[in-house]
file upload30.cif (mmCIF, C-alpha atoms)
data_entry
loop_
_atom_site.label_atom_id
_atom_site.label_comp_id
_atom_site.auth_asym_id
_atom_site.auth_seq_id
_atom_site.Cartn_x
_atom_site.Cartn_y
_atom_site.Cartn_z
CA MET F 272 -70.69 -49.33 1.08
CA THR F 273 -71.61 -47.42 -2.07
CA ALA F 274 -71.69 -43.66 -2.51
CA ALA F 275 -73.12 -41.76 -5.47
CA ASN F 276 -71.80 -38.38 -6.58
CA HIS F 277 -73.49 -35.71 -8.69
CA GLY F 278 -72.50 -35.16 -12.28
CA HIS F 279 -69.59 -32.97 -13.38
CA ASP F 280 -68.64 -31.24 -16.59
CA VAL F 281 -65.27 -33.02 -16.68
CA ALA F 282 -63.63 -35.96 -14.93
CA ILE F 283 -59.82 -36.12 -14.90
CA ILE F 284 -58.26 -39.50 -14.20
CA GLY F 285 -54.68 -39.07 -13.05
CA ALA F 286 -52.98 -36.58 -10.71
CA GLY F 287 -49.48 -36.46 -12.11
CA PRO F 288 -47.97 -33.14 -13.23
CA ILE F 289 -49.99 -32.79 -16.45
CA GLY F 290 -53.24 -33.87 -14.80
CA LEU F 291 -52.68 -31.30 -12.04
CA GLU F 292 -51.82 -28.61 -14.57
CA LEU F 293 -55.06 -29.29 -16.42
CA ALA F 294 -57.01 -29.15 -13.14
CA VAL F 295 -55.58 -25.71 -12.39
CA VAL F 296 -56.61 -24.41 -15.82
CA LEU F 297 -60.12 -25.88 -15.66
CA LYS F 298 -60.68 -24.56 -12.15
CA HIS F 299 -59.56 -21.08 -13.24
CA ALA F 300 -62.06 -21.27 -16.12
CA GLY F 301 -64.88 -22.17 -13.75
CA VAL F 302 -65.34 -25.68 -15.09
CA ASP F 303 -66.97 -28.13 -12.66
CA TYR F 304 -64.59 -31.09 -12.59
CA VAL F 305 -63.62 -34.05 -10.43
CA GLN F 306 -60.08 -35.47 -10.33
CA LEU F 307 -59.29 -39.06 -9.39
CA ASP F 308 -56.09 -41.00 -8.88
CA ALA F 309 -55.57 -44.63 -7.90
CA GLY F 310 -52.67 -43.55 -5.70
CA GLN F 311 -51.28 -40.32 -4.30
CA ILE F 312 -50.48 -37.11 -6.18
CA GLY F 313 -47.47 -37.86 -8.40
CA GLN F 314 -47.81 -41.59 -7.69
CA THR F 315 -45.50 -42.79 -10.48
CA ILE F 316 -42.78 -40.44 -9.27
CA THR F 317 -42.90 -42.08 -5.84
CA TRP F 318 -41.57 -45.21 -7.55
CA PHE F 319 -38.40 -43.38 -8.60
CA PRO F 320 -35.22 -44.07 -6.61
CA ARG F 321 -34.65 -41.81 -3.64
CA GLN F 322 -32.74 -38.65 -4.52
CA LEU F 323 -32.90 -39.35 -8.27
CA ARG F 324 -32.42 -36.16 -10.28
CA PHE F 325 -34.61 -35.39 -13.26
CA PHE F 326 -33.00 -35.19 -16.68
CA SER F 327 -35.07 -32.11 -17.53
CA SER F 328 -34.19 -28.74 -16.07
CA PRO F 329 -36.60 -27.30 -13.44
CA GLU F 330 -38.21 -24.69 -15.69
CA ARG F 331 -39.26 -27.37 -18.19
CA ILE F 332 -41.10 -29.54 -15.68
CA ALA F 333 -42.71 -26.65 -13.79
CA ILE F 334 -46.50 -26.53 -14.14
CA ALA F 335 -49.31 -23.97 -14.06
CA GLY F 336 -46.97 -20.99 -14.12
CA VAL F 337 -45.50 -21.84 -10.69
CA PRO F 338 -41.67 -21.68 -10.67
CA LEU F 339 -39.82 -24.79 -9.54
CA LEU F 340 -36.82 -23.64 -7.50
CA THR F 341 -34.12 -25.90 -6.07
CA ALA F 342 -31.73 -25.02 -3.27
CA ASP F 343 -28.61 -25.24 -5.44
CA GLN F 344 -30.19 -24.20 -8.78
CA SER F 345 -29.55 -27.70 -10.16
CA LYS F 346 -31.96 -30.26 -11.56
CA ALA F 347 -34.77 -31.26 -9.21
CA THR F 348 -34.67 -34.48 -7.22
CA ARG F 349 -37.55 -36.87 -6.81
CA GLU F 350 -38.16 -35.38 -3.37
CA ASP F 351 -38.01 -31.80 -4.67
CA TYR F 352 -40.61 -32.54 -7.32
CA LEU F 353 -43.04 -34.41 -5.11
CA ALA F 354 -42.98 -31.53 -2.62
CA TYR F 355 -43.45 -29.09 -5.50
CA LEU F 356 -46.51 -30.93 -6.84
CA CYS F 357 -48.08 -30.97 -3.37
CA GLY F 358 -47.32 -27.25 -3.11
CA VAL F 359 -49.11 -26.57 -6.41
CA ALA F 360 -52.12 -28.60 -5.26
CA THR F 361 -52.17 -26.59 -2.02
CA GLN F 362 -51.68 -23.22 -3.69
CA PHE F 363 -54.63 -23.74 -6.05
CA ASP F 364 -56.68 -25.76 -3.55
CA LEU F 365 -57.02 -28.72 -5.91
CA ARG F 366 -59.35 -31.32 -4.43
CA VAL F 367 -57.88 -34.57 -5.73
CA ARG F 368 -59.69 -37.76 -4.77
CA THR F 369 -56.55 -39.82 -4.09
CA TYR F 370 -56.43 -43.59 -3.59
CA GLU F 371 -59.62 -43.90 -5.62
CA GLN F 372 -59.20 -46.38 -8.45
CA VAL F 373 -61.46 -46.30 -11.48
CA THR F 374 -62.72 -49.84 -11.98
CA HIS F 375 -65.27 -49.28 -14.74
CA ILE F 376 -66.01 -46.71 -17.44
CA GLU F 377 -69.38 -46.67 -19.17
CA ARG F 378 -70.33 -44.39 -22.03
CA THR F 379 -73.79 -42.93 -21.44
CA GLY F 380 -74.39 -41.21 -24.77
CA ALA F 381 -73.31 -41.29 -28.40
CA ASN F 382 -71.98 -37.72 -28.21
CA GLY F 383 -70.33 -37.90 -24.82
CA GLY F 384 -71.18 -38.57 -21.23
CA PHE F 385 -69.51 -41.10 -18.94
CA THR F 386 -70.27 -42.99 -15.76
CA LEU F 387 -67.25 -43.97 -13.67
CA ARG F 388 -67.32 -46.60 -10.97
CA THR F 389 -64.51 -46.40 -8.47
CA ASN F 390 -63.10 -48.09 -5.38
CA ARG F 391 -61.57 -46.02 -2.61
CA LEU F 392 -60.12 -48.19 0.14
CA GLY F 393 -63.02 -50.64 -0.11
CA GLU F 394 -65.76 -48.05 -0.55
CA GLN F 395 -67.56 -47.97 -3.90
CA HIS F 396 -68.35 -44.66 -5.61
CA THR F 397 -70.03 -43.54 -8.82
CA HIS F 398 -69.16 -40.36 -10.73
CA ARG F 399 -70.79 -38.93 -13.83
CA ALA F 400 -69.21 -36.47 -16.23
CA GLU F 401 -69.97 -35.07 -19.65
CA ARG F 402 -66.34 -35.28 -20.70
CA LEU F 403 -63.42 -37.42 -19.59
CA VAL F 404 -59.67 -36.81 -19.64
CA LEU F 405 -57.22 -39.69 -19.21
CA ALA F 406 -53.95 -38.30 -17.83
CA ILE F 407 -52.79 -41.66 -16.53
CA GLY F 408 -49.17 -41.71 -17.68
CA ASP F 409 -47.51 -44.65 -19.38
CA LEU F 410 -45.56 -46.48 -16.63
CA HIS F 411 -48.07 -48.69 -14.84
CA ARG F 412 -46.34 -52.04 -14.54
CA PRO F 413 -42.94 -53.58 -15.20
CA HIS F 414 -42.07 -55.32 -18.41
CA ASN F 415 -41.73 -58.91 -17.24
CA LEU F 416 -39.15 -61.28 -18.71
CA ASN F 417 -41.31 -64.33 -17.91
CA ILE F 418 -38.42 -66.49 -16.75
CA ASP F 419 -38.04 -68.94 -13.88
CA GLY F 420 -37.31 -67.19 -10.59
CA GLU F 421 -38.59 -63.75 -11.60
CA ASP F 422 -40.98 -63.81 -8.64
CA LEU F 423 -38.35 -64.70 -6.01
CA PRO F 424 -38.10 -62.38 -2.98
CA ASN F 425 -34.55 -61.33 -3.90
CA VAL F 426 -35.76 -60.02 -7.28
CA SER F 427 -37.27 -56.58 -7.92
CA HIS F 428 -38.32 -54.49 -10.91
CA TYR F 429 -37.92 -51.29 -8.88
CA PHE F 430 -34.77 -49.65 -7.53
CA HIS F 431 -35.60 -47.60 -4.44
CA GLU F 432 -32.28 -46.90 -2.73
CA PRO F 433 -28.79 -48.44 -2.68
CA HIS F 434 -28.28 -49.12 1.04
CA ARG F 435 -30.08 -52.45 0.81
CA TYR F 436 -27.26 -53.84 -1.32
CA PHE F 437 -24.29 -52.93 0.89
CA ARG F 438 -21.75 -55.81 0.68
CA GLN F 439 -24.19 -57.88 -1.37
CA GLN F 440 -23.68 -59.38 -4.81
CA LEU F 441 -26.09 -57.49 -7.04
CA LEU F 442 -26.92 -58.25 -10.66
CA ILE F 443 -28.66 -55.46 -12.55
CA VAL F 444 -30.36 -56.33 -15.83
CA GLY F 445 -30.81 -53.45 -18.27
CA GLY F 446 -28.78 -50.90 -20.16
CA ARG F 447 -30.75 -47.69 -20.21
CA ASN F 448 -30.57 -44.79 -17.79
CA SER F 449 -32.26 -46.41 -14.81
CA ALA F 450 -29.95 -49.43 -14.89
CA ALA F 451 -26.84 -47.31 -15.44
CA GLU F 452 -27.63 -44.97 -12.57
CA ALA F 453 -28.54 -47.84 -10.24
CA ALA F 454 -25.25 -49.60 -11.04
CA ILE F 455 -23.17 -46.55 -10.14
CA ARG F 456 -25.11 -45.67 -7.00
CA CYS F 457 -25.07 -49.24 -5.68
CA TRP F 458 -21.34 -49.57 -6.39
CA ARG F 459 -20.74 -46.38 -4.42
CA ALA F 460 -22.83 -47.80 -1.57
CA GLY F 461 -20.57 -50.83 -1.30
CA ALA F 462 -22.35 -53.43 -3.44
CA GLN F 463 -20.56 -55.90 -5.70
CA VAL F 464 -22.28 -54.93 -8.93
CA SER F 465 -22.67 -56.88 -12.16
CA LEU F 466 -24.56 -55.55 -15.16
CA SER F 467 -26.22 -57.61 -17.90
CA TYR F 468 -27.39 -55.88 -21.07
CA ARG F 469 -28.95 -57.52 -24.10
CA ARG F 470 -27.08 -55.22 -26.48
CA THR F 471 -23.33 -55.14 -27.01
CA GLU F 472 -23.08 -51.35 -26.72
CA PHE F 473 -24.85 -48.68 -24.67
CA ASP F 474 -27.15 -46.26 -26.46
CA GLU F 475 -25.74 -42.81 -25.70
CA LYS F 476 -29.16 -41.23 -26.23
CA ALA F 477 -30.74 -43.45 -23.57
CA ILE F 478 -28.38 -42.57 -20.69
CA LYS F 479 -27.83 -39.18 -19.06
CA TYR F 480 -24.73 -37.60 -20.54
CA TRP F 481 -23.06 -37.22 -17.14
CA ILE F 482 -23.74 -40.87 -16.16
CA LEU F 483 -22.38 -42.81 -19.15
CA PRO F 484 -18.69 -41.77 -18.91
CA GLU F 485 -18.53 -42.79 -15.26
CA LEU F 486 -20.22 -46.11 -15.95
CA ARG F 487 -17.77 -46.89 -18.73
CA SER F 488 -14.87 -45.93 -16.49
CA LEU F 489 -16.05 -48.22 -13.68
CA ILE F 490 -16.51 -51.11 -16.11
CA LYS F 491 -13.05 -50.57 -17.58
CA ALA F 492 -11.48 -50.45 -14.12
CA GLY F 493 -13.27 -53.63 -13.04
CA GLY F 494 -15.42 -51.99 -10.39
CA ILE F 495 -18.56 -53.11 -12.20
CA LYS F 496 -18.59 -56.42 -14.07
CA PHE F 497 -20.27 -56.03 -17.44
CA TYR F 498 -21.92 -58.81 -19.44
CA PRO F 499 -22.86 -57.27 -22.79
CA GLY F 500 -25.01 -59.14 -25.29
CA THR F 501 -26.60 -61.32 -22.61
CA THR F 502 -30.12 -62.09 -21.43
CA PRO F 503 -31.14 -63.79 -18.16
CA THR F 504 -32.83 -67.15 -18.61
CA ARG F 505 -33.17 -68.35 -15.01
CA ILE F 506 -32.93 -66.80 -11.56
CA THR F 507 -32.18 -68.73 -8.37
CA PRO F 508 -31.58 -67.52 -4.80
CA ARG F 509 -27.81 -67.71 -5.43
CA PHE F 510 -27.13 -67.08 -9.11
CA VAL F 511 -28.56 -66.00 -12.45
CA SER F 512 -28.09 -67.84 -15.74
CA LEU F 513 -27.23 -65.58 -18.65
CA ALA F 514 -27.45 -66.60 -22.29
CA PRO F 515 -26.20 -64.78 -25.39
CA SER F 516 -28.85 -62.39 -26.69
CA HIS F 517 -28.03 -63.28 -30.28
CA THR F 518 -26.59 -66.63 -31.32
CA LYS F 519 -25.45 -67.85 -34.69
CA ALA F 520 -25.93 -71.30 -36.15
CA GLN F 521 -22.17 -71.91 -36.19
CA ASP F 522 -21.69 -70.98 -32.54
CA THR F 523 -20.42 -73.89 -30.45
CA GLY F 524 -19.60 -74.48 -26.81
CA PRO F 525 -21.43 -73.47 -23.63
CA ARG F 526 -24.14 -70.94 -24.21
CA ASP F 527 -25.05 -69.95 -20.64
CA ILE F 528 -22.93 -68.47 -17.88
CA GLU F 529 -23.80 -68.28 -14.20
CA VAL F 530 -23.37 -65.01 -12.31
CA ASN F 531 -23.48 -65.09 -8.52
CA ALA F 532 -26.17 -62.79 -7.18
CA ASP F 533 -27.73 -62.29 -3.75
CA PHE F 534 -30.14 -59.76 -5.27
CA VAL F 535 -31.37 -59.05 -8.78
CA LEU F 536 -32.73 -55.77 -10.17
CA LEU F 537 -34.64 -56.25 -13.42
CA LEU F 538 -34.64 -52.70 -14.76
CA THR F 539 -35.95 -53.69 -18.16
CA GLY F 540 -38.61 -51.04 -18.60
CA TYR F 541 -42.27 -50.50 -17.86
CA GLU F 542 -45.47 -50.50 -19.86
CA MET F 543 -48.85 -48.82 -19.92
CA ASP F 544 -51.96 -50.59 -18.71
CA PRO F 545 -54.51 -50.07 -21.51
CA ALA F 546 -57.51 -51.20 -19.45
CA LEU F 547 -59.15 -47.77 -19.08
CA PHE F 548 -58.76 -47.03 -22.78
CA GLU F 549 -60.26 -50.38 -23.68
CA MET F 550 -63.20 -49.93 -21.28
CA ALA F 551 -64.07 -46.64 -22.94
CA GLY F 552 -63.70 -47.92 -26.50
CA VAL F 553 -60.59 -45.92 -27.45
CA GLU F 554 -58.76 -47.32 -30.46
CA LEU F 555 -55.12 -48.26 -29.81
CA SER F 556 -52.66 -48.76 -32.64
CA GLY F 557 -49.01 -49.15 -33.61
CA GLU F 558 -46.14 -50.76 -31.75
CA ASN F 559 -46.77 -48.50 -28.75
CA HIS F 560 -50.52 -49.20 -28.66
CA ASP F 561 -51.08 -45.47 -28.41
CA PRO F 562 -54.60 -43.98 -28.49
CA ARG F 563 -55.97 -42.61 -31.75
CA LEU F 564 -56.66 -38.89 -31.33
CA ASP F 565 -56.86 -35.50 -32.98
CA PRO F 566 -53.54 -33.76 -32.10
CA GLN F 567 -55.21 -30.34 -32.30
CA THR F 568 -57.75 -31.09 -29.56
CA MET F 569 -56.37 -34.28 -27.93
CA GLN F 570 -59.83 -35.85 -28.35
CA THR F 571 -59.84 -39.56 -29.14
CA ASN F 572 -62.12 -41.49 -31.47
CA VAL F 573 -64.58 -41.56 -28.54
CA PRO F 574 -66.50 -38.23 -28.48
CA GLY F 575 -65.83 -36.31 -25.28
CA LEU F 576 -62.82 -38.40 -24.24
CA PHE F 577 -59.42 -36.67 -24.24
CA VAL F 578 -55.89 -37.80 -23.44
CA ALA F 579 -53.11 -35.72 -21.86
CA GLY F 580 -49.52 -36.36 -20.85
CA THR F 581 -47.34 -39.33 -21.67
CA ALA F 582 -50.40 -41.59 -21.99
CA VAL F 583 -50.67 -40.07 -25.48
CA ALA F 584 -47.68 -42.18 -26.53
CA GLY F 585 -48.84 -45.53 -25.10
CA THR F 586 -46.01 -47.83 -24.08
CA GLN F 587 -43.04 -45.95 -25.46
CA VAL F 588 -40.55 -48.18 -27.28
CA ARG F 589 -38.48 -45.13 -28.23
CA PHE F 590 -39.16 -42.32 -25.79
CA ASN F 591 -40.51 -39.15 -27.39
CA LEU F 592 -42.89 -37.78 -24.78
CA PHE F 593 -41.85 -36.51 -21.35
CA ILE F 594 -43.34 -34.04 -18.88
CA GLU F 595 -41.57 -31.13 -20.55
CA ASN F 596 -43.18 -31.55 -23.96
CA CYS F 597 -46.66 -32.50 -22.73
CA HIS F 598 -47.61 -29.02 -21.46
CA PRO F 599 -49.24 -28.08 -24.81
CA HIS F 600 -51.78 -30.88 -24.27
CA VAL F 601 -53.30 -28.82 -21.46
CA SER F 602 -53.85 -25.78 -23.65
CA ARG F 603 -55.40 -27.85 -26.44
CA ILE F 604 -57.82 -29.66 -24.14
CA ALA F 605 -58.76 -26.46 -22.31
CA LYS F 606 -59.54 -24.76 -25.61
CA ALA F 607 -61.59 -27.74 -26.82
CA ILE F 608 -63.64 -27.77 -23.61
CA THR F 609 -63.99 -24.06 -22.81
CA GLY F 610 -63.53 -22.44 -26.21
CA HIS F 611 -60.38 -20.59 -25.21
CA GLY F 612 -56.89 -21.44 -23.98
CA PRO F 613 -55.50 -20.82 -20.51
CA PRO F 614 -54.33 -17.34 -19.48
CA PRO F 615 -50.57 -16.67 -19.91
CA GLU F 616 -49.91 -16.78 -16.16
CA LEU F 617 -50.98 -20.45 -16.04
CA VAL F 618 -48.86 -21.53 -19.00
CA ASN F 619 -45.36 -22.96 -18.85
CA GLN F 620 -43.70 -20.48 -21.20
CA SER F 621 -40.58 -22.68 -21.55
CA ALA F 622 -42.74 -25.38 -23.16
CA GLN F 623 -44.04 -23.30 -26.03
CA ARG F 624 -41.27 -24.34 -28.41
CA TYR F 625 -42.29 -28.02 -28.15
CA VAL F 626 -44.69 -29.67 -30.55
CA LEU F 627 -46.54 -32.94 -30.25
CA PRO F 628 -44.59 -35.70 -32.06
CA GLU F 629 -46.50 -37.43 -34.81
CA SER F 630 -47.89 -40.81 -33.81
#
call {"tool": "encode", "arguments": {"input": "upload30.cif", "output": "structure tokens"}}
result
Amino acid sequence: MTAANHGHDVAIIGAGPIGLELAVVLKHAGVDYVQLDAGQIGQTITWFPRQLRFFSSPERIAIAGVPLLTADQSKATREDYLAYLCGVATQFDLRVRTYEQVTHIERTGANGGFTLRTNRLGEQHTHRAERLVLAIGDLHRPHNLNIDGEDLPNVSHYFHEPHRYFRQQLLIVGGRNSAAEAAIRCWRAGAQVSLSYRRTEFDEKAIKYWILPELRSLIKAGGIKFYPGTTPTRITPRFVSLAPSHTKAQDTGPRDIEVNADFVLLLTGYEMDPALFEMAGVELSGENHDPRLDPQTMQTNVPGLFVAGTAVAGTQVRFNLFIENCHPHVSRIAKAITGHGPPPELVNQSAQRYVLPES
């Protein structure tokens, strides 16, 4: 079944925090817009582990002038933030077309204008808009290692909760914050945890400051087995083969070791899917494959197409963009579209000190 929809001034693809914040501002300005998301509101955040706490303080990830309050005045959990985003959508009556995936973008004019074809649970739709904003985030799919056994049922690229690993031998691959936090939580839940990391030392800037000391303490005490400078080369239902990440010509002897593992968590990072950018003709460049744009307006090389949120940075090799320093994107896009910025009551005042990092 196919359904056609009338044209809009603006189409927003993505209903994460920055996409929602932009929707609030455009609605307040009287702009006719449509907002689409392939999943639910805050979809990427639903992939976070249960009860994970954000690194950023609540006031920095609050949106649209709505305070984010937690019961104990501490950093928000995944559950706190998802409920908060739904509350914002309810408060401002944002009509997000959830579970509607954009499958095709067609430019309809040299100076702007777009036709979007979408699929919502098997039903085909068409939307037209004069301007388009991609607020799609940058964590769409896992970074695969492309090794034997990566697709086994005991292997996952996502850590949801630790109970599954009670009294199981668990190997975690990775050395940034997600891997460190998963290792500690699973050890506390009764798992026998091993940790493989391709580097010989942890990067203190890549792990929450309250997590790293505990991880080091558990490794030193033998609670968590640590295999620094190693990379998995093969996964089986019973063990994982690890090889040295860096070998020298003069190295001799066995290169691989086998680590017993009932389950494997490959927490080796995620990457952006560039498909929508490529459909629309946006130029991507650099090691991050980030979109080329004017940082004053957030408009790309494609007239009428803007980017907001962490999608601005592409696949981040070294993380510079987070929710907390993406709020200014909303003001810049709103000004470019309406001629004026959002009113003070819809602006996250705590974000005003942040500037957009140079690409």
call {"tool": "residues_around", "arguments": {"input": "upload30.cif", "residues": "Leu441 (chain F)", "least_positions_apart": "4", "cutoff": "9 Å", "atoms": "only C-alpha atoms", "output": "ChimeraX atom specification"}}
result
/F:436,454,457,462-466,531-536
call {"tool": "resolve_selection", "arguments": {"input": "upload30.cif", "expression": "the PyMOL selection byres ((chain F and resi 409) around 7)", "output": "list in words"}}
result
Ile407, Gly408, Leu410, His411, Glu542, Met543, Thr581, Ala582, Gly585 and Thr586 of chain F
call {"tool": "closest_residue", "arguments": {"input": "upload30.cif", "among": "F:Arg563, F:Lys491, F:Arg526, F:His414", "to": "Val588 (chain F)", "atoms": "all atoms listed in the file"}}
result
F:His414
call {"tool": "closest_residue", "arguments": {"input": "upload30.cif", "among": "F:Tyr304, F:Tyr468, F:Trp458, F:Phe363", "to": "Phe497 (chain F)", "atoms": "only C-alpha atoms"}}
result
F:Tyr468
call {"tool": "closest_residue", "arguments": {"input": "upload30.cif", "among": "F:Leu365, F:Ile312, F:Leu489, F:Val337", "to": "Ala294 (chain F)", "atoms": "all atoms listed in the file"}}
result
F:Leu365
call {"tool": "resolve_selection", "arguments": {"input": "upload30.cif", "expression": "the PyMOL selection byres ((chain F and resi 347) around 6)", "output": "JSON, numbers by chain"}}
result
{"F": [324, 325, 346, 348, 351]}
call {"tool": "resolve_selection", "arguments": {"input": "upload30.cif", "expression": "the PyMOL selection byres ((chain F and resi 619) around 12)", "output": "ChimeraX atom specification"}}
result
/F:288-289,292-293,296,329-339,594-602,613-618,620-625
call {"tool": "residues_around", "arguments": {"input": "upload30.cif", "residues": "Gly380 (chain F)", "least_positions_apart": "5", "cutoff": "10 Å", "atoms": "only C-alpha atoms", "output": "number ranges by chain"}}
result
F: 385, 401, 574-575
call {"tool": "closest_residue", "arguments": {"input": "upload30.cif", "among": "F:Asp419, F:Glu432, F:Asp474, F:Glu350", "to": "Arg447 (chain F)", "atoms": "only C-alpha atoms"}}
result
F:Asp474
call {"tool": "closest_residue", "arguments": {"input": "upload30.cif", "among": "F:Leu353, F:Val444, F:Val426, F:Ile482", "to": "Trp318 (chain F)", "atoms": "all atoms listed in the file"}}
result
F:Leu353
call {"tool": "atom_distance", "arguments": {"input": "upload30.cif", "atom1": "CA of Ile506 (chain F)", "atom2": "CA of Arg438 (chain F)"}}
result
19.9 Å
call {"tool": "closest_residue", "arguments": {"input": "upload30.cif", "among": "F:Leu405, F:Met569, F:Ala354, F:Leu576", "to": "Thr317 (chain F)", "atoms": "only C-alpha atoms"}}
result
F:Ala354
call {"tool": "atom_distance", "arguments": {"input": "upload30.cif", "atom1": "CA of Thr389 (chain F)", "atom2": "CA of Glu371 (chain F)"}}
result
6.2 Å
call {"tool": "residues_around", "arguments": {"input": "upload30.cif", "residues": "Asp303 (chain F)", "least_positions_apart": "5", "cutoff": "10 Å", "atoms": "all atoms listed in the file", "output": "ChimeraX atom specification"}}
result
/F:278-282,297-298,400
call {"tool": "decode", "arguments": {"input": "upload30.cif", "residues": "region 416-429 of chain F", "atoms": "N, CA, C and O atoms", "output": "PDB file, in the first residue's frame"}}
result
ATOM      1  N   LEU F 416      34.778  -6.813  13.051  1.00  0.00           N
ATOM      2  CA  LEU F 416      36.173  -7.223  12.977  1.00  0.00           C
ATOM      3  C   LEU F 416      36.438  -8.099  11.771  1.00  0.00           C
ATOM      4  O   LEU F 416      37.587  -8.304  11.393  1.00  0.00           O
ATOM      5  N   ASN F 417      35.350  -8.672  11.199  1.00  0.00           N
ATOM      6  CA  ASN F 417      35.469  -9.530  10.010  1.00  0.00           C
ATOM      7  C   ASN F 417      36.382 -10.717  10.253  1.00  0.00           C
ATOM      8  O   ASN F 417      37.335 -10.967   9.513  1.00  0.00           O
ATOM      9  N   ILE F 418      36.091 -11.447  11.347  1.00  0.00           N
ATOM     10  CA  ILE F 418      36.852 -12.645  11.677  1.00  0.00           C
ATOM     11  C   ILE F 418      35.907 -13.833  11.740  1.00  0.00           C
ATOM     12  O   ILE F 418      34.681 -13.679  11.869  1.00  0.00           O
ATOM     13  N   ASP F 419      36.465 -15.028  11.657  1.00  0.00           N
ATOM     14  CA  ASP F 419      35.667 -16.251  11.747  1.00  0.00           C
ATOM     15  C   ASP F 419      34.954 -16.308  13.102  1.00  0.00           C
ATOM     16  O   ASP F 419      35.563 -16.065  14.146  1.00  0.00           O
ATOM     17  N   GLY F 420      33.673 -16.632  13.062  1.00  0.00           N
ATOM     18  CA  GLY F 420      32.903 -16.804  14.291  1.00  0.00           C
ATOM     19  C   GLY F 420      32.228 -15.550  14.801  1.00  0.00           C
ATOM     20  O   GLY F 420      31.512 -15.597  15.804  1.00  0.00           O
ATOM     21  N   GLU F 421      32.420 -14.421  14.120  1.00  0.00           N
ATOM     22  CA  GLU F 421      31.824 -13.170  14.599  1.00  0.00           C
ATOM     23  C   GLU F 421      30.300 -13.220  14.578  1.00  0.00           C
ATOM     24  O   GLU F 421      29.642 -12.487  15.317  1.00  0.00           O
ATOM     25  N   ASP F 422      29.738 -14.087  13.748  1.00  0.00           N
ATOM     26  CA  ASP F 422      28.285 -14.180  13.632  1.00  0.00           C
ATOM     27  C   ASP F 422      27.687 -15.315  14.467  1.00  0.00           C
ATOM     28  O   ASP F 422      26.500 -15.622  14.336  1.00  0.00           O
ATOM     29  N   LEU F 423      28.456 -15.920  15.345  1.00  0.00           N
ATOM     30  CA  LEU F 423      27.944 -16.998  16.195  1.00  0.00           C
ATOM     31  C   LEU F 423      26.901 -16.462  17.176  1.00  0.00           C
ATOM     32  O   LEU F 423      26.945 -15.283  17.560  1.00  0.00           O
ATOM     33  N   PRO F 424      25.988 -17.305  17.624  1.00  0.00           N
ATOM     34  CA  PRO F 424      24.933 -16.831  18.542  1.00  0.00           C
ATOM     35  C   PRO F 424      25.433 -16.416  19.913  1.00  0.00           C
ATOM     36  O   PRO F 424      24.712 -15.721  20.640  1.00  0.00           O
ATOM     37  N   ASN F 425      26.620 -16.825  20.301  1.00  0.00           N
ATOM     38  CA  ASN F 425      27.166 -16.427  21.609  1.00  0.00           C
ATOM     39  C   ASN F 425      27.977 -15.131  21.527  1.00  0.00           C
ATOM     40  O   ASN F 425      28.629 -14.740  22.495  1.00  0.00           O
ATOM     41  N   VAL F 426      27.923 -14.465  20.373  1.00  0.00           N
ATOM     42  CA  VAL F 426      28.693 -13.240  20.147  1.00  0.00           C
ATOM     43  C   VAL F 426      27.725 -12.075  19.941  1.00  0.00           C
ATOM     44  O   VAL F 426      26.722 -12.206  19.248  1.00  0.00           O
ATOM     45  N   SER F 427      28.036 -10.930  20.562  1.00  0.00           N
ATOM     46  CA  SER F 427      27.201  -9.747  20.393  1.00  0.00           C
ATOM     47  C   SER F 427      28.065  -8.496  20.349  1.00  0.00           C
ATOM     48  O   SER F 427      29.113  -8.424  20.986  1.00  0.00           O
ATOM     49  N   HIS F 428      27.589  -7.503  19.592  1.00  0.00           N
ATOM     50  CA  HIS F 428      28.235  -6.190  19.563  1.00  0.00           C
ATOM     51  C   HIS F 428      27.545  -5.217  20.509  1.00  0.00           C
ATOM     52  O   HIS F 428      27.915  -4.046  20.554  1.00  0.00           O
ATOM     53  N   TYR F 429      26.539  -5.682  21.244  1.00  0.00           N
ATOM     54  CA  TYR F 429      25.771  -4.816  22.133  1.00  0.00           C
ATOM     55  C   TYR F 429      25.687  -5.435  23.520  1.00  0.00           C
ATOM     56  O   TYR F 429      25.387  -6.624  23.656  1.00  0.00           O
TER      57      TYR F 429
END
